[in-house]
Amino acid sequence: MGKRALVVGLGIAGMSAAIGLRRAGWTPVIVERAPERRTGGYFVGLFPEGRQAAVDLGIADDLHTRNPERRPGGNSWSVDRRGRRRPALGFLDQPGEPAAVLRGDIEAALWQGITGDGTEDAVEVRFATTPVEITEGPAEVQVLLENAETGAQYRESFDLVVGADGMRSSVRRIVFGPHEDHLTTWDAMICAFQLKEQVPTYEASDSVIIARAKRAVWVFGLADHAPTVLLTYRTRDIQKQFSGSRVERLRAVFSGMDDDPVVRHVLDSLEQAPDHLFDSVHQVKMDRWSKGRVVLVGDAAWCMNLYSGMGATSSLRGGAALGAALREHPDDLAAALDAWEAGLRPFISKHQRTARLKQQMFVPSSRRAEALRSVLVGLVRRIRSRRPAAEADGPQAMARSGTSR
């Protein structure tokens, strides 16, 4: 019989791992705690490593990218404390020239990859199902699974369990210990959602940045879709942020900034948004991502957080690399997991470290940091503006490559 793997989580990390496993000759089974597939989502920048992983996983042709065409003067604007609008460097202008996508765009491409097109077996997906116990034996892993709708429990054996169930992973808690042992607190909050319509007076694909000390509003413009928004702020009292109405909480946090038309439009739009992500910011730090026949991937293993901008990229790369390691070590699971982690950890560690600097770019920690950020961004923009037009067209050239449709 072929080797079977249980993949816990139907997000980017889980589906990437499932495709990687299938390509290595394994039979993956995905369980997902939600009752149905989740679609949509907020803005994601996909960096070169993520785009290469999409190619390796065979989903590149189904991945829709949304980079706006560059306009003279740029597509991004910064608004200062006097309400003045100035050309700025946006998220897509950073090194690596990320592809603009929605989280749902990546998940849709991966879903196509696991369901197939009739030429290969689809991956089995069980919704409303979670692991309750994970017990490793000498040659297999016994997992007690529970159906959330009926409460029914049953045991099943696998050769490998892949925990891809997010920052507060149930697999990590069961096998590696409580969340507190692995989550680092960043004293910050985020709220991400989709705008119904662009901020008035801005072009449809414009990005807008209002980065103040400890509070920031980012509007991410897209080529063929309504913008998405990131509200982020720093706070010492994380628990308090989850009490009461989230909308009222955010209105209180951004009080004093809401006289700006951009902030006012964003806060008003939040009240009309059908859904949003509201959460505290953390990273996951672990000495090792596997234990016996259990391995963690994506946010469950390393969660570089939203400020890093590398969450989707690292999840795609992690799944693709796991499949490659299993192909290279088909008869030695321990060697495969060792090789996978040794190859991936330097990349993860590097971007976990740089996330602290990127946090200052997203939401400065003080007025002094805000002023320094403004100077640095202005300097970099002036340097970039001197580049030849063909060289500066990198993001659009990438978006027109084989990874977009």
# chains A, B, ... in the order shown; residues from 1 in each chain; ligands from 1
>>> select_by_dssp(residues="region 142-319 of chain A", states="strand (DSSP E)", output="ChimeraX atom specification")
/A:142-147,153-158,160-163,183-194,207-212,215-220,228-234,277-284,290-291,294-296
>>> select_by_dssp(residues="region 73-228 of chain A", states="helix (DSSP H, G or I)", output="number ranges by chain")
A: 91-93, 103-115, 170-176, 179-181
>>> closest_residue(among="A:Val101, A:Val295, A:Ile59, A:Ala211", to="Gly116 (chain A)", atoms="only C-alpha atoms")
A:Ile59
>>> closest_residue(among="A:Val229, A:Met361, A:Leu250, A:Ile134", to="Gly163 (chain A)", atoms="only C-alpha atoms")
A:Ile134
>>> atom_distance(atom1="CA of Glu180 (chain A)", atom2="CA of Asp299 (chain A)")
14.9 Å
>>> residues_around(residues="Glu271 (chain A)", least_positions_apart="3", cutoff="8 Å", atoms="only C-alpha atoms", output="compact mmCIF listing (two decimals) with N, CA, C and O atoms, in the first residue's frame")
# COMPACT_ATOMS: atom_id res chain seq x y z
N VAL A 247 -15.42 47.12 15.62
CA VAL A 247 -15.53 48.37 14.88
C VAL A 247 -15.37 49.56 15.82
O VAL A 247 -14.62 50.51 15.53
N LEU A 267 -12.84 53.48 7.78
CA LEU A 267 -13.60 53.10 8.97
C LEU A 267 -15.08 52.94 8.67
O LEU A 267 -15.73 52.01 9.19
N ASP A 268 -15.62 53.81 7.84
CA ASP A 268 -17.02 53.66 7.45
C ASP A 268 -17.23 52.38 6.65
O ASP A 268 -18.24 51.69 6.80
>>> atom_distance(atom1="CA of Thr65 (chain A)", atom2="CA of Ala312 (chain A)")
13.7 Å
>>> closest_atom_pairs(of="region 175-272 of chain A", to="region 35-47 of chain A", cutoff="12 Å", atoms="only C-alpha atoms", output="CSV")
residue,atom,partner,partner_atom,distance
A:Ile190,CA,A:Tyr42,CA,11.9
A:Cys191,CA,A:Tyr42,CA,10.0
A:Ala192,CA,A:Tyr42,CA,6.3
A:Phe193,CA,A:Tyr42,CA,6.0
A:Gln194,CA,A:Tyr42,CA,6.5
A:Leu195,CA,A:Tyr42,CA,10.0
A:Ser207,CA,A:Phe43,CA,11.5
A:Trp218,CA,A:Phe43,CA,10.6
A:Val219,CA,A:Phe43,CA,9.5
A:Phe220,CA,A:Phe43,CA,6.9
A:Gly221,CA,A:Phe43,CA,8.9
A:Leu222,CA,A:Phe43,CA,8.7
A:Ala223,CA,A:Phe43,CA,12.0
A:His225,CA,A:Phe43,CA,10.5
A:Ala226,CA,A:Phe43,CA,10.5
A:Pro227,CA,A:Phe43,CA,8.2
A:Thr228,CA,A:Tyr42,CA,5.9
A:Val229,CA,A:Tyr42,CA,7.6
A:Leu230,CA,A:Tyr42,CA,8.5
A:Leu231,CA,A:Tyr42,CA,11.8
>>> write_last_selection(atoms="N, CA and C atoms", output="PDB file, in the first residue's frame")
ATOM      1  N   ILE A 190      -3.829  43.766  14.037  1.00  0.00           N
ATOM      2  CA  ILE A 190      -4.105  44.010  12.623  1.00  0.00           C
ATOM      3  C   ILE A 190      -5.583  43.800  12.349  1.00  0.00           C
ATOM      4  N   CYS A 191      -6.080  44.520  11.365  1.00  0.00           N
ATOM      5  CA  CYS A 191      -7.422  44.287  10.835  1.00  0.00           C
ATOM      6  C   CYS A 191      -7.330  44.420   9.318  1.00  0.00           C
ATOM      7  N   ALA A 192      -7.715  43.374   8.602  1.00  0.00           N
ATOM      8  CA  ALA A 192      -7.638  43.387   7.140  1.00  0.00           C
ATOM      9  C   ALA A 192      -9.014  43.067   6.567  1.00  0.00           C
ATOM     10  N   PHE A 193      -9.402  43.801   5.520  1.00  0.00           N
ATOM     11  CA  PHE A 193     -10.684  43.552   4.873  1.00  0.00           C
ATOM     12  C   PHE A 193     -10.682  44.167   3.483  1.00  0.00           C
ATOM     13  N   GLN A 194     -11.725  43.871   2.729  1.00  0.00           N
ATOM     14  CA  GLN A 194     -11.849  44.370   1.363  1.00  0.00           C
ATOM     15  C   GLN A 194     -12.767  45.588   1.323  1.00  0.00           C
ATOM     16  N   LEU A 195     -12.324  46.619   0.609  1.00  0.00           N
ATOM     17  CA  LEU A 195     -13.185  47.773   0.377  1.00  0.00           C
ATOM     18  C   LEU A 195     -14.222  47.450  -0.697  1.00  0.00           C
ATOM     19  N   SER A 207      -2.690  52.828  -4.386  1.00  0.00           N
ATOM     20  CA  SER A 207      -2.452  52.439  -3.007  1.00  0.00           C
ATOM     21  C   SER A 207      -2.242  53.712  -2.187  1.00  0.00           C
ATOM     22  N   TRP A 218      -3.264  51.274   5.601  1.00  0.00           N
ATOM     23  CA  TRP A 218      -2.736  50.941   4.285  1.00  0.00           C
ATOM     24  C   TRP A 218      -3.886  50.502   3.383  1.00  0.00           C
ATOM     25  N   VAL A 219      -4.000  51.136   2.234  1.00  0.00           N
ATOM     26  CA  VAL A 219      -4.956  50.727   1.210  1.00  0.00           C
ATOM     27  C   VAL A 219      -4.144  50.142   0.058  1.00  0.00           C
ATOM     28  N   PHE A 220      -4.385  48.883  -0.276  1.00  0.00           N
ATOM     29  CA  PHE A 220      -3.631  48.191  -1.325  1.00  0.00           C
ATOM     30  C   PHE A 220      -4.457  48.159  -2.609  1.00  0.00           C
ATOM     31  N   GLY A 221      -4.003  48.905  -3.619  1.00  0.00           N
ATOM     32  CA  GLY A 221      -4.695  48.938  -4.897  1.00  0.00           C
ATOM     33  C   GLY A 221      -4.347  47.751  -5.767  1.00  0.00           C
ATOM     34  N   LEU A 222      -5.321  47.288  -6.545  1.00  0.00           N
ATOM     35  CA  LEU A 222      -5.155  46.128  -7.415  1.00  0.00           C
ATOM     36  C   LEU A 222      -5.605  46.474  -8.824  1.00  0.00           C
ATOM     37  N   ALA A 223      -5.169  45.697  -9.787  1.00  0.00           N
ATOM     38  CA  ALA A 223      -5.443  46.021 -11.194  1.00  0.00           C
ATOM     39  C   ALA A 223      -6.900  45.793 -11.557  1.00  0.00           C
ATOM     40  N   HIS A 225      -9.592  44.589  -9.266  1.00  0.00           N
ATOM     41  CA  HIS A 225     -10.345  44.205  -8.077  1.00  0.00           C
ATOM     42  C   HIS A 225     -10.390  45.403  -7.144  1.00  0.00           C
ATOM     43  N   ALA A 226     -11.432  45.481  -6.332  1.00  0.00           N
ATOM     44  CA  ALA A 226     -11.497  46.552  -5.337  1.00  0.00           C
ATOM     45  C   ALA A 226     -10.316  46.443  -4.379  1.00  0.00           C
ATOM     46  N   PRO A 227      -9.818  47.566  -3.856  1.00  0.00           N
ATOM     47  CA  PRO A 227      -8.662  47.513  -2.948  1.00  0.00           C
ATOM     48  C   PRO A 227      -8.969  46.746  -1.664  1.00  0.00           C
ATOM     49  N   THR A 228      -7.922  46.300  -1.011  1.00  0.00           N
ATOM     50  CA  THR A 228      -8.060  45.766   0.337  1.00  0.00           C
ATOM     51  C   THR A 228      -7.344  46.707   1.298  1.00  0.00           C
ATOM     52  N   VAL A 229      -7.670  46.579   2.583  1.00  0.00           N
ATOM     53  CA  VAL A 229      -7.177  47.510   3.600  1.00  0.00           C
ATOM     54  C   VAL A 229      -6.472  46.747   4.710  1.00  0.00           C
ATOM     55  N   LEU A 230      -5.425  47.349   5.240  1.00  0.00           N
ATOM     56  CA  LEU A 230      -4.798  46.884   6.473  1.00  0.00           C
ATOM     57  C   LEU A 230      -4.802  48.035   7.469  1.00  0.00           C
ATOM     58  N   LEU A 231      -5.467  47.820   8.596  1.00  0.00           N
ATOM     59  CA  LEU A 231      -5.369  48.711   9.747  1.00  0.00           C
ATOM     60  C   LEU A 231      -4.459  48.024  10.757  1.00  0.00           C
TER      61      LEU A 231
END
>>> residues_around(residues="Asp56 (chain A)", least_positions_apart="2", cutoff="10 Å", atoms="only C-alpha atoms", output="ChimeraX atom specification")
/A:19-20,23,50-54,58-60,316-317,319-321,323-324
>>> residues_around(residues="Ser315 (chain A)", least_positions_apart="2", cutoff="7 Å", atoms="only C-alpha atoms", output="JSON, numbers by chain")
{"A": [12, 13, 297, 298, 311, 312, 313, 317, 318, 319]}
>>> write_last_selection(atoms="N, CA and C atoms", output="CSV table (one decimal), in the first residue's frame")
chain,number,residue,atom,x,y,z
A,12,ILE,N,-3.3,27.7,2.5
A,12,ILE,CA,-2.2,27.7,1.6
A,12,ILE,C,-1.1,26.6,1.9
A,13,ALA,N,-0.8,26.6,3.2
A,13,ALA,CA,0.3,25.7,3.6
A,13,ALA,C,-0.2,24.2,3.5
A,297,VAL,N,4.0,22.8,9.2
A,297,VAL,CA,4.4,23.7,8.0
A,297,VAL,C,3.6,25.0,8.1
A,298,GLY,N,4.1,26.0,7.4
A,298,GLY,CA,3.4,27.3,7.4
A,298,GLY,C,3.3,28.0,8.7
A,311,GLY,N,4.3,35.4,4.4
A,311,GLY,CA,3.5,34.2,4.8
A,311,GLY,C,3.1,33.3,3.7
A,312,ALA,N,2.5,33.8,2.7
A,312,ALA,CA,2.1,33.0,1.6
A,312,ALA,C,3.3,32.4,0.8
A,313,THR,N,4.3,33.2,0.6
A,313,THR,CA,5.5,32.7,-0.1
A,313,THR,C,6.1,31.5,0.7
A,317,ARG,N,6.5,27.6,-0.5
A,317,ARG,CA,7.8,27.0,-0.6
A,317,ARG,C,7.9,25.8,0.4
A,318,GLY,N,7.4,25.9,1.6
A,318,GLY,CA,7.4,24.9,2.5
A,318,GLY,C,6.8,23.6,2.0
A,319,GLY,N,5.6,23.7,1.4
A,319,GLY,CA,4.9,22.5,0.9
A,319,GLY,C,5.7,21.9,-0.3
